[in-house]
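Structure data (compact mmCIF, C-alpha atoms) from entry14.txt:
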# COMPACT_ATOMS: atom_id res chain seq x y z
CA MET X 121 -70.43 55.53 -28.69
CA SER X 122 -67.59 53.87 -26.79
CA SER X 123 -67.98 50.24 -25.78
CA SER X 124 -67.67 51.40 -22.14
CA PHE X 125 -71.26 52.64 -22.31
CA PRO X 126 -73.63 52.26 -20.66
CA LEU X 127 -71.63 52.91 -17.50
CA HIS X 128 -72.52 50.62 -14.60
CA GLY X 129 -71.78 50.59 -10.89
CA ILE X 130 -70.74 53.07 -8.24
CA VAL X 131 -69.35 56.42 -9.34
CA VAL X 132 -67.91 58.43 -6.47
CA PRO X 133 -68.46 62.21 -6.69
CA LEU X 134 -65.02 62.99 -5.37
CA VAL X 135 -64.60 65.76 -2.83
CA THR X 136 -61.94 68.33 -3.67
CA PRO X 137 -59.37 68.23 -0.84
CA LEU X 138 -58.09 71.73 -0.09
CA ALA X 139 -55.01 72.73 1.88
CA GLU X 140 -55.93 76.40 1.78
CA ARG X 141 -57.80 78.79 -0.50
CA ASP X 142 -57.20 77.81 -4.14
CA ARG X 143 -54.63 75.16 -3.25
CA LEU X 144 -55.16 71.41 -3.33
CA ASP X 145 -54.36 69.13 -0.43
CA GLU X 146 -52.14 67.06 -2.72
CA ALA X 147 -51.30 64.33 -0.22
CA GLY X 148 -54.94 64.03 0.81
CA LEU X 149 -56.06 63.83 -2.80
CA GLU X 150 -53.63 60.98 -3.48
CA LEU X 151 -54.82 59.08 -0.41
CA LEU X 152 -58.46 59.62 -1.29
CA ILE X 153 -58.07 58.39 -4.86
CA GLU X 154 -56.38 55.17 -3.76
CA HIS X 155 -58.96 54.72 -1.00
CA VAL X 156 -61.93 54.83 -3.36
CA ILE X 157 -60.29 52.68 -6.03
CA ASP X 158 -59.25 50.10 -3.43
CA GLY X 159 -62.87 50.19 -2.25
CA GLY X 160 -64.01 48.96 -5.64
CA VAL X 161 -65.72 51.99 -7.20
CA HIS X 162 -66.32 51.82 -10.92
CA GLY X 163 -65.82 55.49 -11.67
CA VAL X 164 -64.82 58.90 -10.31
CA PHE X 165 -66.83 62.08 -10.91
CA LEU X 166 -64.85 65.30 -10.50
CA LEU X 167 -66.25 68.82 -10.10
CA GLY X 168 -69.78 67.97 -9.11
CA THR X 169 -71.73 69.33 -6.14
CA THR X 170 -69.72 67.21 -3.69
CA GLY X 171 -66.56 68.49 -5.39
CA GLU X 172 -67.66 72.12 -4.76
CA ALA X 173 -67.16 72.95 -8.44
CA PRO X 174 -68.97 76.33 -8.45
CA SER X 175 -66.60 77.62 -5.75
CA LEU X 176 -63.33 76.63 -7.41
CA SER X 177 -61.13 78.69 -9.71
CA GLU X 178 -60.62 77.56 -13.30
CA ARG X 179 -56.93 77.08 -12.56
CA LEU X 180 -57.62 74.75 -9.65
CA LYS X 181 -60.23 72.79 -11.64
CA ARG X 182 -57.66 72.06 -14.32
CA GLU X 183 -55.01 71.09 -11.80
CA LEU X 184 -57.47 68.70 -10.14
CA ILE X 185 -58.41 67.05 -13.45
CA GLN X 186 -54.78 66.66 -14.46
CA ARG X 187 -53.68 65.20 -11.13
CA VAL X 188 -56.58 62.77 -10.84
CA ALA X 189 -56.30 61.57 -14.44
CA GLY X 190 -52.59 60.97 -13.99
CA GLN X 191 -52.98 59.01 -10.78
CA VAL X 192 -56.04 56.99 -11.81
CA ASP X 193 -54.22 56.03 -15.01
CA ARG X 194 -57.29 54.44 -16.67
CA ARG X 195 -58.00 52.11 -13.72
CA VAL X 196 -61.58 53.38 -13.50
CA SER X 197 -63.73 55.72 -15.57
CA ILE X 198 -63.39 59.46 -14.94
CA LEU X 199 -66.24 61.92 -15.44
CA VAL X 200 -65.73 65.69 -15.17
CA GLY X 201 -68.39 68.26 -14.38
CA VAL X 202 -68.40 71.20 -16.80
CA THR X 203 -71.55 73.01 -15.66
CA ASP X 204 -71.14 76.77 -16.00
CA THR X 205 -73.15 79.87 -16.82
CA SER X 206 -70.89 80.28 -19.86
CA LEU X 207 -71.09 77.77 -22.71
CA VAL X 208 -67.62 78.88 -23.84
CA ASP X 209 -66.11 78.07 -20.44
CA SER X 210 -67.92 74.71 -20.31
CA LEU X 211 -66.53 73.75 -23.71
CA GLU X 212 -63.02 74.91 -22.84
CA LEU X 213 -63.05 72.75 -19.72
CA ALA X 214 -64.42 69.81 -21.72
CA ARG X 215 -61.57 70.18 -24.21
CA PHE X 216 -59.01 70.31 -21.42
CA ALA X 217 -60.57 67.19 -19.85
CA ALA X 218 -60.34 65.42 -23.21
CA GLU X 219 -56.64 66.27 -23.38
CA GLN X 220 -56.22 64.47 -20.04
CA GLU X 221 -57.96 61.42 -21.55
CA VAL X 222 -60.93 61.34 -19.20
CA ASP X 223 -64.01 59.40 -20.32
CA ALA X 224 -66.90 61.85 -20.30
CA VAL X 225 -68.22 65.18 -19.04
CA VAL X 226 -71.32 65.96 -16.99
CA ALA X 227 -73.50 69.04 -17.43
CA ALA X 228 -76.46 70.38 -15.47
CA PRO X 229 -78.64 73.16 -16.84
CA PRO X 230 -76.64 76.39 -16.54
CA PRO X 231 -77.68 78.19 -13.33
CA TYR X 232 -79.00 81.74 -12.93
CA PHE X 233 -81.36 82.19 -15.90
CA PRO X 234 -84.56 80.12 -15.54
CA LEU X 235 -84.65 78.27 -18.87
CA HIS X 236 -87.72 76.83 -20.56
CA GLN X 237 -87.40 73.34 -22.00
CA GLY X 238 -86.87 74.56 -25.57
CA ASP X 239 -83.86 76.66 -24.60
CA LEU X 240 -82.54 73.85 -22.43
CA THR X 241 -82.79 71.36 -25.29
CA ALA X 242 -81.04 73.73 -27.70
CA TYR X 243 -78.30 74.47 -25.17
CA MET X 244 -77.54 70.82 -24.46
CA ARG X 245 -77.58 69.97 -28.16
CA GLU X 246 -75.02 72.70 -28.77
CA LEU X 247 -72.85 71.63 -25.85
CA ALA X 248 -72.92 67.97 -26.90
CA GLY X 249 -72.35 68.87 -30.54
CA GLU X 250 -69.11 70.69 -29.75
CA SER X 251 -67.90 68.58 -26.84
CA PRO X 252 -64.98 66.27 -27.65
CA LEU X 253 -66.28 63.83 -25.02
CA PRO X 254 -69.59 62.07 -24.36
CA VAL X 255 -71.95 64.16 -22.20
CA TYR X 256 -74.02 63.01 -19.24
CA LEU X 257 -77.01 65.15 -18.35
CA TYR X 258 -77.20 66.12 -14.68
CA ASN X 259 -80.73 66.60 -13.35
CA MET X 260 -80.23 68.73 -10.21
CA PRO X 261 -83.27 71.05 -9.93
CA SER X 262 -82.47 72.05 -6.34
CA HIS X 263 -79.29 73.77 -7.58
CA SER X 264 -79.99 74.71 -11.19
CA LYS X 265 -83.52 76.19 -11.00
CA VAL X 266 -84.81 74.01 -13.82
CA ALA X 267 -85.36 70.28 -14.14
CA PHE X 268 -85.04 68.24 -17.31
CA GLY X 269 -88.46 67.32 -18.62
CA VAL X 270 -89.08 63.75 -19.73
CA GLU X 271 -89.63 64.74 -23.35
CA THR X 272 -86.53 66.95 -23.25
CA VAL X 273 -84.41 63.98 -22.20
CA ARG X 274 -86.10 61.82 -24.82
CA ARG X 275 -85.10 64.27 -27.53
CA LEU X 276 -81.58 64.67 -26.17
CA ALA X 277 -81.08 60.90 -25.92
CA ASP X 278 -81.17 60.84 -29.72
CA VAL X 279 -78.03 63.01 -29.83
CA ASP X 280 -75.07 60.69 -30.47
CA GLN X 281 -72.75 62.39 -28.00
CA ILE X 282 -75.21 62.29 -25.05
CA ALA X 283 -74.44 59.18 -23.00
CA GLY X 284 -76.98 59.23 -20.18
CA ILE X 285 -78.31 61.06 -17.15
CA LYS X 286 -77.54 61.38 -13.48
CA ASP X 287 -80.82 62.09 -11.69
CA SER X 288 -80.56 63.84 -8.33
CA SER X 289 -84.19 64.95 -8.18
CA GLY X 290 -85.28 62.11 -5.90
CA GLU X 291 -88.48 61.85 -7.96
CA MET X 292 -88.95 58.14 -8.54
CA LEU X 293 -91.67 58.61 -11.17
CA PHE X 294 -89.24 60.65 -13.27
CA TYR X 295 -86.51 58.08 -12.64
CA ASN X 296 -88.78 55.26 -13.77
CA GLN X 297 -89.51 57.19 -16.97
CA MET X 298 -85.76 57.48 -17.53
CA LEU X 299 -85.47 53.71 -17.22
CA MET X 300 -88.20 53.25 -19.81
CA LEU X 301 -86.21 55.53 -22.09
CA ALA X 302 -83.02 53.54 -21.44
CA ALA X 303 -84.84 50.34 -22.40
CA GLU X 304 -85.36 51.87 -25.84
CA ARG X 305 -81.78 53.17 -26.13
CA ARG X 306 -79.46 50.44 -24.91
CA GLU X 307 -76.36 52.63 -24.57
CA PHE X 308 -78.11 55.30 -22.47
CA THR X 309 -76.97 55.23 -18.82
CA VAL X 310 -79.29 56.12 -15.92
CA LEU X 311 -77.56 56.80 -12.60
CA MET X 312 -79.18 57.59 -9.24
CA GLY X 313 -78.01 60.61 -7.27
CA PRO X 314 -79.45 60.26 -3.73
CA GLU X 315 -77.57 57.33 -2.24
CA GLU X 316 -80.46 56.36 0.01
CA LEU X 317 -82.31 55.36 -3.20
CA LEU X 318 -79.43 53.38 -4.71
CA ALA X 319 -80.70 49.87 -4.00
CA GLU X 320 -84.25 50.66 -5.05
CA SER X 321 -83.07 52.27 -8.27
CA VAL X 322 -80.87 49.31 -9.25
CA LEU X 323 -83.63 46.83 -8.46
CA MET X 324 -85.80 48.84 -10.85
CA GLY X 325 -83.20 48.43 -13.58
CA GLY X 326 -80.92 51.44 -13.06
CA HIS X 327 -77.25 51.24 -13.94
CA GLY X 328 -75.83 52.40 -10.62
CA GLY X 329 -75.37 55.43 -8.43
CA VAL X 330 -73.29 58.53 -7.77
CA CYS X 331 -72.85 58.19 -4.02
CA GLY X 332 -71.11 60.86 -1.94
CA GLY X 333 -70.66 58.47 0.98
CA ALA X 334 -68.40 56.38 -1.25
CA ASN X 335 -65.68 58.94 -0.50
CA LEU X 336 -65.76 57.67 3.08
CA VAL X 337 -66.74 53.98 2.82
CA PRO X 338 -66.64 53.02 -0.86
CA GLN X 339 -66.89 49.30 -0.26
CA LEU X 340 -70.28 49.75 1.45
CA TYR X 341 -71.87 51.26 -1.65
CA VAL X 342 -70.16 48.79 -3.98
CA GLU X 343 -71.50 45.89 -1.90
CA LEU X 344 -74.98 47.41 -1.86
CA TYR X 345 -74.91 47.87 -5.63
CA GLU X 346 -73.76 44.27 -6.14
CA ALA X 347 -76.44 42.98 -3.77
CA ALA X 348 -79.10 44.87 -5.72
CA VAL X 349 -77.79 43.53 -9.04
CA SER X 350 -77.99 39.98 -7.69
CA GLY X 351 -81.39 40.59 -6.05
CA ASP X 352 -80.18 39.53 -2.58
CA LEU X 353 -82.93 41.22 -0.57
CA THR X 354 -81.63 40.07 2.83
CA LEU X 355 -78.21 41.55 2.18
CA ILE X 356 -79.76 44.69 0.68
CA HIS X 357 -81.78 45.22 3.86
CA ARG X 358 -78.66 44.92 6.05
CA LEU X 359 -76.50 47.19 3.89
CA GLN X 360 -79.27 49.73 3.36
CA HIS X 361 -79.55 50.08 7.12
CA ARG X 362 -75.83 50.91 7.26
CA VAL X 363 -76.20 53.52 4.49
CA LEU X 364 -79.11 55.19 6.26
CA ARG X 365 -77.27 55.10 9.59
CA LEU X 366 -74.20 56.71 8.05
CA ALA X 367 -76.32 59.44 6.48
CA SER X 368 -78.07 60.18 9.76
CA ARG X 369 -74.80 60.37 11.69
CA VAL X 370 -72.50 62.17 9.23
CA TYR X 371 -74.66 64.37 7.01
CA THR X 372 -76.76 65.96 9.76
CA VAL X 373 -74.08 67.33 12.11
CA GLY X 374 -73.71 70.47 10.01
CA ASP X 375 -76.39 73.07 9.43
CA ALA X 376 -78.71 72.56 6.49
CA PRO X 377 -78.60 72.90 3.56
CA SER X 378 -74.82 72.40 3.29
CA GLY X 379 -74.55 70.00 6.23
CA TYR X 380 -74.08 66.98 3.98
CA LEU X 381 -70.88 68.39 2.54
CA THR X 382 -69.46 69.91 5.73
CA GLY X 383 -70.10 66.66 7.60
CA LEU X 384 -68.60 64.50 4.86
CA LYS X 385 -65.44 66.56 4.50
CA CYS X 386 -64.91 66.70 8.24
CA ALA X 387 -65.42 62.92 8.46
CA LEU X 388 -62.77 62.39 5.78
CA GLU X 389 -60.30 64.41 7.85
CA CYS X 390 -61.25 62.58 11.04
CA VAL X 391 -60.47 59.20 9.49
CA GLY X 392 -57.13 60.47 8.18
CA LEU X 393 -57.82 60.81 4.47
CA CYS X 394 -57.80 64.51 3.57
CA SER X 395 -58.33 68.05 4.81
CA ALA X 396 -61.77 69.16 6.01
CA ARG X 397 -61.34 72.64 4.55
CA LEU X 398 -64.18 73.83 2.34
CA ALA X 399 -64.12 76.38 -0.45
CA GLU X 400 -65.69 79.70 0.37
CA PRO X 401 -68.50 80.57 0.98
CA LEU X 402 -68.89 77.31 2.96
CA THR X 403 -67.19 76.97 6.35
CA ALA X 404 -65.99 73.99 8.37
CA LEU X 405 -67.82 72.48 11.32
CA PRO X 406 -67.32 74.30 14.63
CA ALA X 407 -65.45 72.45 17.38
CA ASP X 408 -68.54 71.22 19.23
CA ARG X 409 -70.08 69.75 16.08
CA ARG X 410 -66.76 68.16 15.16
CA SER X 411 -66.61 66.47 18.56
CA LEU X 412 -70.11 65.11 18.01
CA LEU X 413 -69.12 63.82 14.57
CA VAL X 414 -66.06 62.10 16.03
CA GLN X 415 -68.33 60.26 18.46
CA HIS X 416 -70.62 59.25 15.60
CA LEU X 417 -67.66 57.95 13.61
CA ARG X 418 -66.57 55.89 16.61
CA ASP X 419 -70.08 54.47 16.84
CA LEU X 420 -69.89 53.61 13.14
CA GLU X 421 -66.46 52.00 13.76
CA LEU X 422 -64.84 54.24 11.15
CA ILE X 423 -62.17 55.83 13.35
CA VAL X 424 -59.24 53.45 13.83
CA ASP X 425 -56.57 55.99 14.83
CA GLU X 426 -57.58 58.46 17.52
CA LYS X 427 -54.82 60.89 16.44
CA THR X 428 -56.48 61.49 13.09
CA ALA X 429 -59.67 62.64 14.81
CA SER X 430 -57.88 65.71 16.16
CA PRO X 431 -57.89 68.88 14.05
CA HIS X 432 -54.10 68.81 14.44
CA GLY X 433 -53.73 65.05 13.98
Encoded form using structure tokens:
Amino acid sequence: MSSSFPLHGIVVPLVTPLAERDRLDEAGLELLIEHVIDGGVHGVFLLGTTGEAPSLSERLKRELIQRVAGQVDRRVSILVGVTDTSLVDSLELARFAAEQEVDAVVAAPPPYFPLHQGDLTAYMRELAGESPLPVYLYNMPSHSKVAFGVETVRRLADVDQIAGIKDSSGEMLFYNQMLMLAAERREFTVLMGPEELLAESVLMGGHGGVCGGANLVPQLYVELYEAAVSGDLTLIHRLQHRVLRLASRVYTVGDAPSGYLTGLKCALECVGLCSARLAEPLTALPADRRSLLVQHLRDLELIVDEKTASPHG
């Protein structure tokens, strides 16, 4: 395993800026990448849930990987999501990512068929065995129908090419069991998905988090991670309040269950970073919700240029 493992810190699950259907917002993507790197993130995760991977064409996925890898230019780690219903397509994307010299791939259980743990173990072994890059497991039961069992992860952690797990289940008992596993396998990374649990997870011994809000205010999540590493409980309390306030103001303006993503993308446009367009079947916030979000962003002191808050700004 590479000396860069285990991976520590804040990994931003980058949104995929879109100018129109199947076309990247190239200028917005460039701005966003520099914004998150300047904010101190330790890694970038492409083609996850926040990146709308299931809704993107294979052509656009490859263009995104190539552009991001070229601009990042090894300044931070890059992870690429390769989750697919087809093992062949997952491996082809992993090989393309390797050609762009990214650091690792991320794979959730393939959606649609409800797998039992034996099939899931065999599938991930096969994927890792043929992947040219280290593989992170992605525990996302709300989207993939099946969760990784503790013993499944334990068996998979013995596979050389499997580097760790991102846990988005929100189940702290499961997360704690992952930390116990990581204590036995020193190069195995355990990352927290829900950003509201970042500080708690790091205090427990976790390696960091994959925080969607880091697209918008990366320095906030980096500071919270660093406060948790140092055990500064007073600072953690103050920063955690800001994280929770941001979540309550930005992620709830859209209708559930996709409100997190519609709110986040609209916020990124409102602060002048990239387009708010979403990939079908998701749709952008209506005008009245956008106006409410703009007010929330003012309250959070995130809008500095009123022109950017306009849909035509």
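When the distance limit is 7 Å and only C-alpha atoms are what count, the residues near Ala348 in chain X, minus those fewer than 6 positions from it on the same chain, are Ala319, Val322, Leu323 and Ile356 of chain X.
Of the residues under consideration (X:Arg215, X:Arg274, X:Arg305, X:Arg187), X:Arg274 shows the shortest atom-to-atom contact distance to Gln237 in chain X when counting all atoms listed in the file.
Within a radius of 8 Å around (-74.5, 69.8, -10.5), the polymer residues are Gly168, Thr169, Gly201, Thr203, Ala227, Ala228, Tyr258, Asn259, Met260, His263 and Ser264 of chain X, counting all atoms listed in the file.
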Point-to-point distance from CA of Asp142 in chain X to CA of Cys394 in chain X, Å rounded to tenths: 15.4 Å
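For Glu343 in chain X, the set of protein, DNA and RNA residues having any atom at most 9 Å away, when counting all atoms listed in the file and skipping those fewer than 4 positions along the same chain, is Gly160, Pro338, Gln339, Ala347, Ala348, Leu355, Ile356 and Leu359 of chain X.
Shortest atom-to-atom contact with Glu389 in chain X among X:Gly333, X:Pro137, X:Gly190, X:Pro401: X:Pro137, counting all atoms listed in the file.
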Within 9 Å of Val225 in chain X, counting all atoms listed in the file, which residues qualify if same-chain residues fewer than 2 places away don't, as an NGL selection string? :X and (165 or 198-202 or 214 or 217-218 or 222-223 or 227 or 251 or 253-257)
Would you pick out the contacts of Val192 in chain X at 9 Å or less, using all atoms listed in the file, so that residues sharing its chain but fewer than 6 positions from it are not included, and give the list as a CSV table (one decimal) with C-alpha atoms, keeping the file's coordinate frame?
chain,number,residue,atom,x,y,z
X,153,ILE,CA,-58.1,58.4,-4.9
X,154,GLU,CA,-56.4,55.2,-3.8
X,157,ILE,CA,-60.3,52.7,-6.0
X,198,ILE,CA,-63.4,59.5,-14.9
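Here CA of Gly290 in chain X and CA of Asp352 in chain X stand 23.4 Å from one another.
Across X:Leu412, X:Ala303, X:Ile130, X:Leu176, the tightest approach to Gly329 in chain X is made by X:Ile130 when counting all atoms listed in the file.
Atom pair CA of Ser289 in chain X / CA of Ala404 in chain X has a distance of 26.2 Å (rounded to one decimal).
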Identify, on the basis of all atoms listed in the file, every residue whose closest approach to Leu413 in chain X does not exceed 10 Å; exclude the query and any residue fewer than 6 positions from it along the same chain; express the result as a count of residues only. 15
Residue with the minimum atom-to-atom distance to Leu207 in chain X, picked from X:Ala189, X:Met244, X:Val161, X:Ile282 with only C-alpha atoms counted, is X:Met244
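For the residues X:Glu271, X:Glu346, X:Glu183, X:Glu172, ranking by smallest atom-to-atom distance to Phe294 in chain X using all atoms listed in the file places X:Glu271 first.
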Return the single residue from X:Leu311, X:Leu388, X:Val279, X:Leu247 that is closest to Val414 in chain X, with distances computed using all atoms listed in the file. X:Leu388
